[in-house]
Structures are given as C-alpha cells and as structure tokens.
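Visitor: My file is protein-v6.cif. It has mmCIF, C-alpha atoms:
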```cif
data_query
#
loop_
_atom_site.label_atom_id
_atom_site.label_comp_id
_atom_site.auth_asym_id
_atom_site.auth_seq_id
_atom_site.Cartn_x
_atom_site.Cartn_y
_atom_site.Cartn_z
CA MET A 118 -22.51 71.52 -68.59
CA ILE A 119 -20.21 70.05 -65.98
CA ASP A 120 -21.94 66.74 -66.53
CA VAL A 121 -21.18 66.90 -70.22
CA VAL A 122 -17.58 67.78 -69.52
CA PHE A 123 -17.23 64.80 -67.22
CA LEU A 124 -18.97 62.56 -69.71
CA LEU A 125 -16.51 63.58 -72.42
CA LEU A 126 -13.69 63.17 -69.97
CA VAL A 127 -14.71 59.62 -69.12
CA PHE A 128 -15.19 58.84 -72.83
CA PHE A 129 -11.70 59.98 -73.74
CA MET A 130 -10.19 58.23 -70.72
CA LEU A 131 -11.72 54.97 -71.82
CA THR A 132 -10.93 55.24 -75.52
CA ALA A 133 -7.44 56.69 -75.22
CA ARG A 134 -4.60 54.37 -76.04
CA PHE A 135 -1.43 55.53 -74.40
CA GLY A 136 1.94 55.27 -75.95
CA GLY A 137 0.64 53.45 -78.96
CA TYR A 138 2.78 51.00 -80.82
CA GLN A 139 6.24 51.51 -82.15
CA ALA A 140 7.19 50.31 -85.58
CA ALA A 141 10.12 48.12 -86.49
CA PRO A 142 10.84 48.12 -90.22
CA VAL A 143 11.40 44.70 -91.73
CA ALA A 144 13.06 44.16 -95.07
CA LEU A 145 11.11 41.97 -97.45
CA GLY A 146 12.94 39.24 -99.24
CA GLY A 147 13.12 39.26 -103.00
CA GLY A 148 13.53 42.24 -105.26
CA ALA A 149 16.87 43.03 -103.65
CA GLY A 150 20.03 43.22 -105.65
CA GLU A 151 22.60 40.52 -106.00
CA TRP A 152 23.86 38.88 -102.83
CA GLN A 153 27.21 40.28 -101.80
CA GLY A 154 29.80 38.52 -99.70
CA PRO A 155 29.64 35.28 -97.75
CA PRO A 156 26.33 33.79 -96.62
CA ARG A 157 24.86 35.31 -93.49
CA LEU A 158 22.05 33.15 -92.19
CA VAL A 159 20.98 33.46 -88.57
CA THR A 160 18.71 30.61 -87.51
CA VAL A 161 16.59 31.42 -84.48
CA GLY A 162 15.25 28.59 -82.34
CA PRO A 163 13.26 28.89 -79.11
CA ASP A 164 16.44 28.79 -77.01
CA ARG A 165 19.24 28.34 -79.49
CA LEU A 166 20.88 30.38 -82.20
CA ALA A 167 22.97 29.42 -85.17
CA LEU A 168 25.02 31.45 -87.62
CA ASN A 169 25.35 29.62 -90.92
CA GLY A 170 24.53 26.38 -89.13
CA GLU A 171 27.07 26.81 -86.33
CA PRO A 172 25.55 27.24 -82.85
CA ILE A 173 26.42 30.62 -81.33
CA ALA A 174 25.50 32.71 -78.29
CA LEU A 175 23.43 35.87 -78.72
CA SER A 176 26.16 37.98 -77.15
CA GLU A 177 28.71 36.82 -79.73
CA LEU A 178 26.44 36.97 -82.76
CA SER A 179 27.10 40.57 -83.87
CA GLN A 180 30.81 40.11 -83.32
CA ALA A 181 30.82 37.02 -85.51
CA LEU A 182 28.66 38.67 -88.19
CA ARG A 183 30.76 41.79 -88.59
CA PRO A 184 33.58 40.22 -90.68
CA LEU A 185 30.97 38.66 -92.95
CA LEU A 186 29.46 42.03 -93.93
CA PRO A 187 30.92 43.57 -97.10
CA ASP A 188 29.32 46.92 -96.17
CA ALA A 189 27.27 48.29 -93.28
CA ALA A 190 23.94 48.04 -95.11
CA ALA A 191 24.46 44.46 -96.28
CA PRO A 192 21.46 42.26 -95.50
CA VAL A 193 21.43 39.48 -92.95
CA VAL A 194 18.89 36.71 -93.34
CA VAL A 195 17.07 35.81 -90.14
CA ARG A 196 15.29 32.49 -90.33
CA SER A 197 12.89 31.45 -87.63
CA GLU A 198 12.50 27.82 -86.71
CA GLU A 199 8.95 26.51 -86.58
CA ASP A 200 8.68 26.62 -82.79
CA ALA A 201 10.33 30.02 -82.15
CA THR A 202 7.99 32.86 -81.21
CA LEU A 203 8.00 36.29 -82.81
CA GLN A 204 9.10 37.73 -79.46
CA ARG A 205 12.25 35.60 -79.62
CA VAL A 206 12.95 36.67 -83.22
CA MET A 207 12.50 40.32 -82.24
CA GLN A 208 14.93 39.84 -79.35
CA VAL A 209 17.60 38.60 -81.75
CA MET A 210 16.83 41.34 -84.30
CA ASP A 211 17.05 43.95 -81.53
CA ALA A 212 20.45 42.68 -80.49
CA LEU A 213 21.67 42.95 -84.10
CA ARG A 214 20.19 46.43 -84.62
CA GLU A 215 21.83 47.63 -81.44
CA ASN A 216 25.17 46.69 -82.97
CA GLY A 217 24.48 48.53 -86.20
CA ILE A 218 23.34 45.59 -88.30
CA ALA A 219 20.11 47.09 -89.53
CA THR A 220 19.14 45.36 -92.77
CA LEU A 221 17.47 42.22 -91.54
CA VAL A 222 15.47 40.01 -93.85
CA LEU A 223 13.01 37.73 -92.13
CA ALA A 224 12.90 34.57 -94.21
CA GLU A 225 11.05 31.30 -94.02
CA MET B 154 -39.63 89.50 -32.56
CA ARG B 155 -38.15 86.77 -34.58
CA ILE B 156 -35.39 87.44 -36.93
CA ASP B 157 -34.97 84.92 -39.68
CA SER B 158 -31.56 83.47 -39.65
CA PRO B 159 -29.86 84.64 -42.81
CA THR B 160 -30.14 82.07 -45.55
CA ARG B 161 -26.70 80.74 -46.20
CA ARG B 162 -25.78 80.68 -49.81
CA LEU B 163 -23.34 78.15 -51.05
CA PRO B 164 -20.23 79.90 -52.24
CA ARG B 165 -20.06 79.29 -55.97
CA GLU B 166 -16.32 79.73 -56.07
CA THR B 167 -15.56 76.26 -54.72
CA VAL B 168 -17.01 74.65 -57.85
CA VAL B 169 -14.92 76.68 -60.26
CA PRO B 170 -11.53 75.00 -59.57
CA MET B 171 -13.14 71.62 -60.04
CA ILE B 172 -14.50 72.64 -63.43
CA ASN B 173 -11.07 73.97 -64.32
CA VAL B 174 -9.48 70.67 -63.46
CA GLY B 175 -12.21 68.88 -65.41
CA PHE B 176 -11.49 70.96 -68.50
CA LEU B 177 -7.79 70.53 -68.07
CA LEU B 178 -8.12 66.75 -68.00
CA LEU B 179 -10.55 66.88 -70.91
CA ILE B 180 -8.10 68.85 -73.03
CA PHE B 181 -5.29 66.53 -71.98
CA PHE B 182 -7.19 63.45 -73.08
CA LEU B 183 -8.32 65.13 -76.29
CA MET B 184 -4.69 65.79 -77.13
CA VAL B 185 -3.25 62.39 -76.30
CA ALA B 186 -6.13 60.20 -77.42
CA VAL B 187 -5.55 58.09 -80.49
CA ILE B 188 -8.89 56.70 -81.44
CA VAL B 189 -8.31 53.49 -83.31
CA PRO B 190 -10.79 50.67 -83.69
CA PRO B 191 -9.74 47.95 -81.29
CA PRO B 192 -8.03 44.88 -82.74
CA PRO B 193 -10.45 42.08 -83.60
CA PHE B 194 -8.72 39.78 -81.13
CA GLU B 195 -6.46 40.09 -78.13
CA ILE B 196 -2.99 41.01 -79.38
CA THR B 197 0.16 41.73 -77.42
CA PRO B 198 2.87 42.79 -79.87
CA PRO B 199 6.43 41.74 -79.11
CA GLN B 200 8.62 44.01 -77.07
CA SER B 201 11.47 45.77 -78.77
CA GLU B 202 13.86 48.65 -78.31
CA THR B 203 12.74 50.35 -81.54
CA LYS B 204 11.92 54.01 -81.10
CA GLN B 205 9.80 54.93 -84.05
CA PRO B 206 6.11 55.66 -83.73
CA ALA B 207 3.88 53.38 -85.74
CA GLU B 208 1.12 54.65 -88.00
CA LEU B 209 -1.91 52.51 -87.65
CA ASN B 210 -3.85 53.11 -90.83
CA SER B 211 -5.64 49.88 -91.60
CA PRO B 212 -3.11 47.49 -90.07
CA LEU B 213 -3.00 43.77 -90.71
CA TYR B 214 -3.51 41.75 -87.54
CA LEU B 215 -2.04 38.34 -86.82
CA SER B 216 -3.08 36.62 -83.62
CA ALA B 217 -1.02 34.17 -81.55
CA SER B 218 -2.94 31.26 -83.06
CA GLY B 219 -2.36 32.48 -86.62
CA GLU B 220 -5.69 34.14 -87.40
CA LEU B 221 -5.53 37.04 -89.83
CA ALA B 222 -7.66 40.15 -89.88
CA TRP B 223 -7.57 43.22 -92.08
CA GLY B 224 -10.47 45.63 -91.88
CA GLU B 225 -13.60 43.52 -92.11
CA ALA B 226 -11.84 40.62 -93.79
CA ARG B 227 -10.78 37.52 -91.85
CA GLY B 228 -8.57 34.59 -92.71
CA GLU B 229 -7.54 34.05 -96.31
CA ALA B 230 -9.89 36.81 -97.47
CA VAL B 231 -7.45 39.46 -96.24
CA PHE B 232 -5.14 38.76 -99.18
CA ASP B 233 -7.86 39.67 -101.67
CA GLY B 234 -8.32 43.01 -99.94
CA LEU B 235 -4.62 43.62 -99.58
CA ALA B 236 -3.97 42.81 -103.22
CA SER B 237 -6.24 45.70 -104.21
CA VAL B 238 -4.26 48.24 -102.19
CA ALA B 239 -0.78 46.87 -102.88
CA GLY B 240 1.34 48.09 -105.72
CA PRO B 241 4.07 50.57 -106.50
CA GLU B 242 1.75 53.52 -105.90
CA SER B 243 1.18 52.52 -102.29
CA GLN B 244 3.88 54.60 -100.67
CA GLN B 245 2.61 54.03 -97.15
CA PRO B 246 4.09 51.06 -95.36
CA LEU B 247 1.74 48.32 -94.29
CA THR B 248 1.74 47.88 -90.53
CA LEU B 249 1.64 44.31 -89.33
CA VAL B 250 0.40 43.97 -85.78
CA ALA B 251 1.39 40.45 -84.79
CA ASP B 252 1.19 38.84 -81.38
CA GLY B 253 4.51 38.24 -79.64
CA GLN B 254 3.56 34.60 -79.18
CA ALA B 255 2.85 34.08 -82.88
CA LYS B 256 5.28 31.75 -84.60
CA GLY B 257 8.23 33.53 -86.18
CA ALA B 258 8.10 31.20 -89.18
CA GLU B 259 4.46 32.10 -89.73
CA VAL B 260 5.30 35.82 -89.73
CA ALA B 261 8.08 35.12 -92.23
CA ARG B 262 5.66 33.23 -94.49
CA LEU B 263 3.19 36.10 -94.22
CA LEU B 264 5.89 38.65 -95.07
CA SER B 265 6.99 36.81 -98.18
CA ARG B 266 3.36 36.52 -99.24
CA LEU B 267 2.93 40.27 -98.76
CA ALA B 268 6.08 40.89 -100.80
CA GLY B 269 4.54 38.72 -103.48
CA LEU B 270 1.44 40.90 -103.46
CA GLY B 271 3.60 43.93 -104.21
CA PHE B 272 4.09 45.62 -100.86
CA ALA B 273 7.39 47.45 -100.84
CA ARG B 274 7.52 48.28 -97.15
CA VAL B 275 6.13 46.48 -94.13
CA GLU B 276 6.50 47.62 -90.55
CA LEU B 277 6.10 45.35 -87.58
CA ALA B 278 4.29 46.88 -84.62
CA VAL B 279 6.18 46.43 -81.37
CA MET B 280 5.76 47.65 -77.83
CA PRO B 281 8.46 49.66 -76.11
#
```
Go ahead and render the structure in this file as structure tokens.
Guide:
Amino acid sequence: MIDVVFLLLVFFMLTARFGGYQAAPVALGGGAGEWQGPPRLVTVGPDRLALNGEPIALSELSQALRPLLPDAAAPVVVRSEEDATLQRVMQVMDALRENGIATLVLAE
Amino acid sequence: MRIDSPTRRLPRETVVPMINVGFLLLIFFLMVAVIVPPPPFEITPPQSETKQPAELNSPLYLSASGELAWGEARGEAVFDGLASVAGPESQQPLTLVADGQAKGAEVARLLSRLAGLGFARVELAVMP
C-alpha cells in the first residue's frame, strides 16, 4: 500500500503544474463604438516607443496619454512593429495598466 | 543450557510517521495539481504583472516561430475548428497561450482574425 501511495505521489509530483498561467485580457478591435477624442496610437518597437508617431520614453507614456483620454475606459491602440516581441508589447501594456489605462487594443 | 537470544522485532511505529508524511504529500499534490495536456511545443508565455488566474480550457497555442495549435489541429486548420466554437453563445473567453518571443505583430494579426471569427473575449496567458 505504501508503494502505491508513493507511486501516486510521484505521479502527481511529475504532472503537477505549479502556479499555472495568469490571464491578461486583451480587447479585440472592431465592434467597438465610435472613436472618442484624439487619436491614441502607441507604436511599440523592439527598443523604441512612439505615441502618435512622436518618439517617447516608457516612463512618460502614461503621463502623455492621460490628457488624450476623454474618459478612463477609453481605448488606446497598441500597434506592434514587425520586429517587436510579444514580451516587449506586454511590458508596455503592463506599464499602461499600472497607470489605470486598461482598455488596450492590440492592432496590426 | 542454551537460551535463545530473544528475536528482536522491528518496531512498527517507525514506519507510521513516514506513511503519514507520504499521505500528507499525496493529498497536497492532489489538491494543487492542475492536470492539463502539455502544450504541443515549448512555450514560455511573456511575463506580466497581471494577477488573474487563467482558465485553460482548450487554449490556442502560438509558438515563437509562429506555429499554431488548437486541440489536435495544427497550422491553418485551427481556424476551421475555432470557427465552429466561436459565436455569441460562447461566453467563455478563448485563452491564447503565445510565446514571449513571438512577434507582437503576429499576435495582433491573430487577434483580429479571431475577432473576425466571432470571438468576443480573448485572454492572453502570461506568467507572473
């Protein structure tokens, strides 16, 4: 019986996946209502960032976006350049979420 | 006269704590284990601060090199399968497990294609 217990123990130790994944919701483009306010396009490159075409630092991005938001839930379009990784995009999206800008649309 | 030396019996009690610990660990692993079929290829989701547990019911996988997998389907065939489960009645969000090194533009293309199929909500799996 002890053998069986240990067998089960080893089985669960090997199959267990700790922590699991977390989920970050992403807004899907299209189907949303009419665009409100000025354009808010964040272009993410591998090591550069641009807000509406103007280069900007990550630390200043949320500050610069705030006056462009007509309300707190207004969407911000995040566009990834061809050579930027998903990790880099998530880093930028994290920085925006941290500052209360939560509706992020990942666009082509 | 020879007296047999008393046969020494192993004290059974020493085994009992070990069994207890064994059961304890067994119960622990039973509780925490999430048995999910492993991803079809090596995937390291991006790291993020998000604190929201992901539900992994039939996720869509995207590898670093852009391969797609959903259930048994691979490549372009995943969209046929996904189209059959998409629609307004699918209240559950689709979980996209994409590699952190996948191209952001490719994820964006995939997302807009999923939106076109009729998915209302998509969640991106991330690691804490």
Visitor: Written as number ranges by chain, what is the full residue list that the PyMOL selection byres ((chain A and resi 185) around 8) yields on the file shown?
Guide: A: 154-157, 181-184, 186-187
Visitor: With a distance cut-off of 10 Å and all atoms listed in the file, select the neighbouring residues of A:Ala224, excluding the residue or stretch itself and same-chain residues fewer than 6 positions from it, and output the selection as number ranges by chain.
Guide: A: 144-147, 158-160, 193-197; B: 257-265
Visitor: Write to file, as a JSON list (two decimals), in the coordinates of the input, the residues of the selection just made, with C-alpha atoms.
Guide:
```json
[["chain", "number", "residue", "atom", "x", "y", "z"],
["A", 144, "ALA", "CA", 13.06, 44.16, -95.07],
["A", 145, "LEU", "CA", 11.11, 41.97, -97.45],
["A", 146, "GLY", "CA", 12.94, 39.24, -99.24],
["A", 147, "GLY", "CA", 13.12, 39.26, -103.00],
["A", 158, "LEU", "CA", 22.05, 33.15, -92.19],
["A", 159, "VAL", "CA", 20.98, 33.46, -88.57],
["A", 160, "THR", "CA", 18.71, 30.61, -87.51],
["A", 193, "VAL", "CA", 21.43, 39.48, -92.95],
["A", 194, "VAL", "CA", 18.89, 36.71, -93.34],
["A", 195, "VAL", "CA", 17.07, 35.81, -90.14],
["A", 196, "ARG", "CA", 15.29, 32.49, -90.33],
["A", 197, "SER", "CA", 12.89, 31.45, -87.63],
["B", 257, "GLY", "CA", 8.23, 33.53, -86.18],
["B", 258, "ALA", "CA", 8.10, 31.20, -89.18],
["B", 259, "GLU", "CA", 4.46, 32.10, -89.73],
["B", 260, "VAL", "CA", 5.30, 35.82, -89.73],
["B", 261, "ALA", "CA", 8.08, 35.12, -92.23],
["B", 262, "ARG", "CA", 5.66, 33.23, -94.49],
["B", 263, "LEU", "CA", 3.19, 36.10, -94.22],
["B", 264, "LEU", "CA", 5.89, 38.65, -95.07],
["B", 265, "SER", "CA", 6.99, 36.81, -98.18]]
```
Visitor: For each of A:Val127, A:Ala133, A:Gln204, A:Val121, take the minimum atom-to-atom distance to B:Pro191, counting all atoms listed in the file, then give the residue where this is smallest.
Guide: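 Result for the nearest residue to B:Pro191: A:Ala133.
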Visitor: Between atom CA of A:Leu166 and atom CA of B:Ala278, what distance in Å does the model show, to one decimal?
Guide: 23.5 Å
Visitor: Box for stretch 176-179 of chain B - axis-aligned, 6 Å on each of the six sides, all listed atoms - centre and size in Å to one decimal, as lines of an AutoDock Vina configuration file.
Guide:
```
center_x = -9.6
center_y = 68.9
center_z = -69.5
size_x = 15.7
size_y = 16.2
size_z = 14.9
```
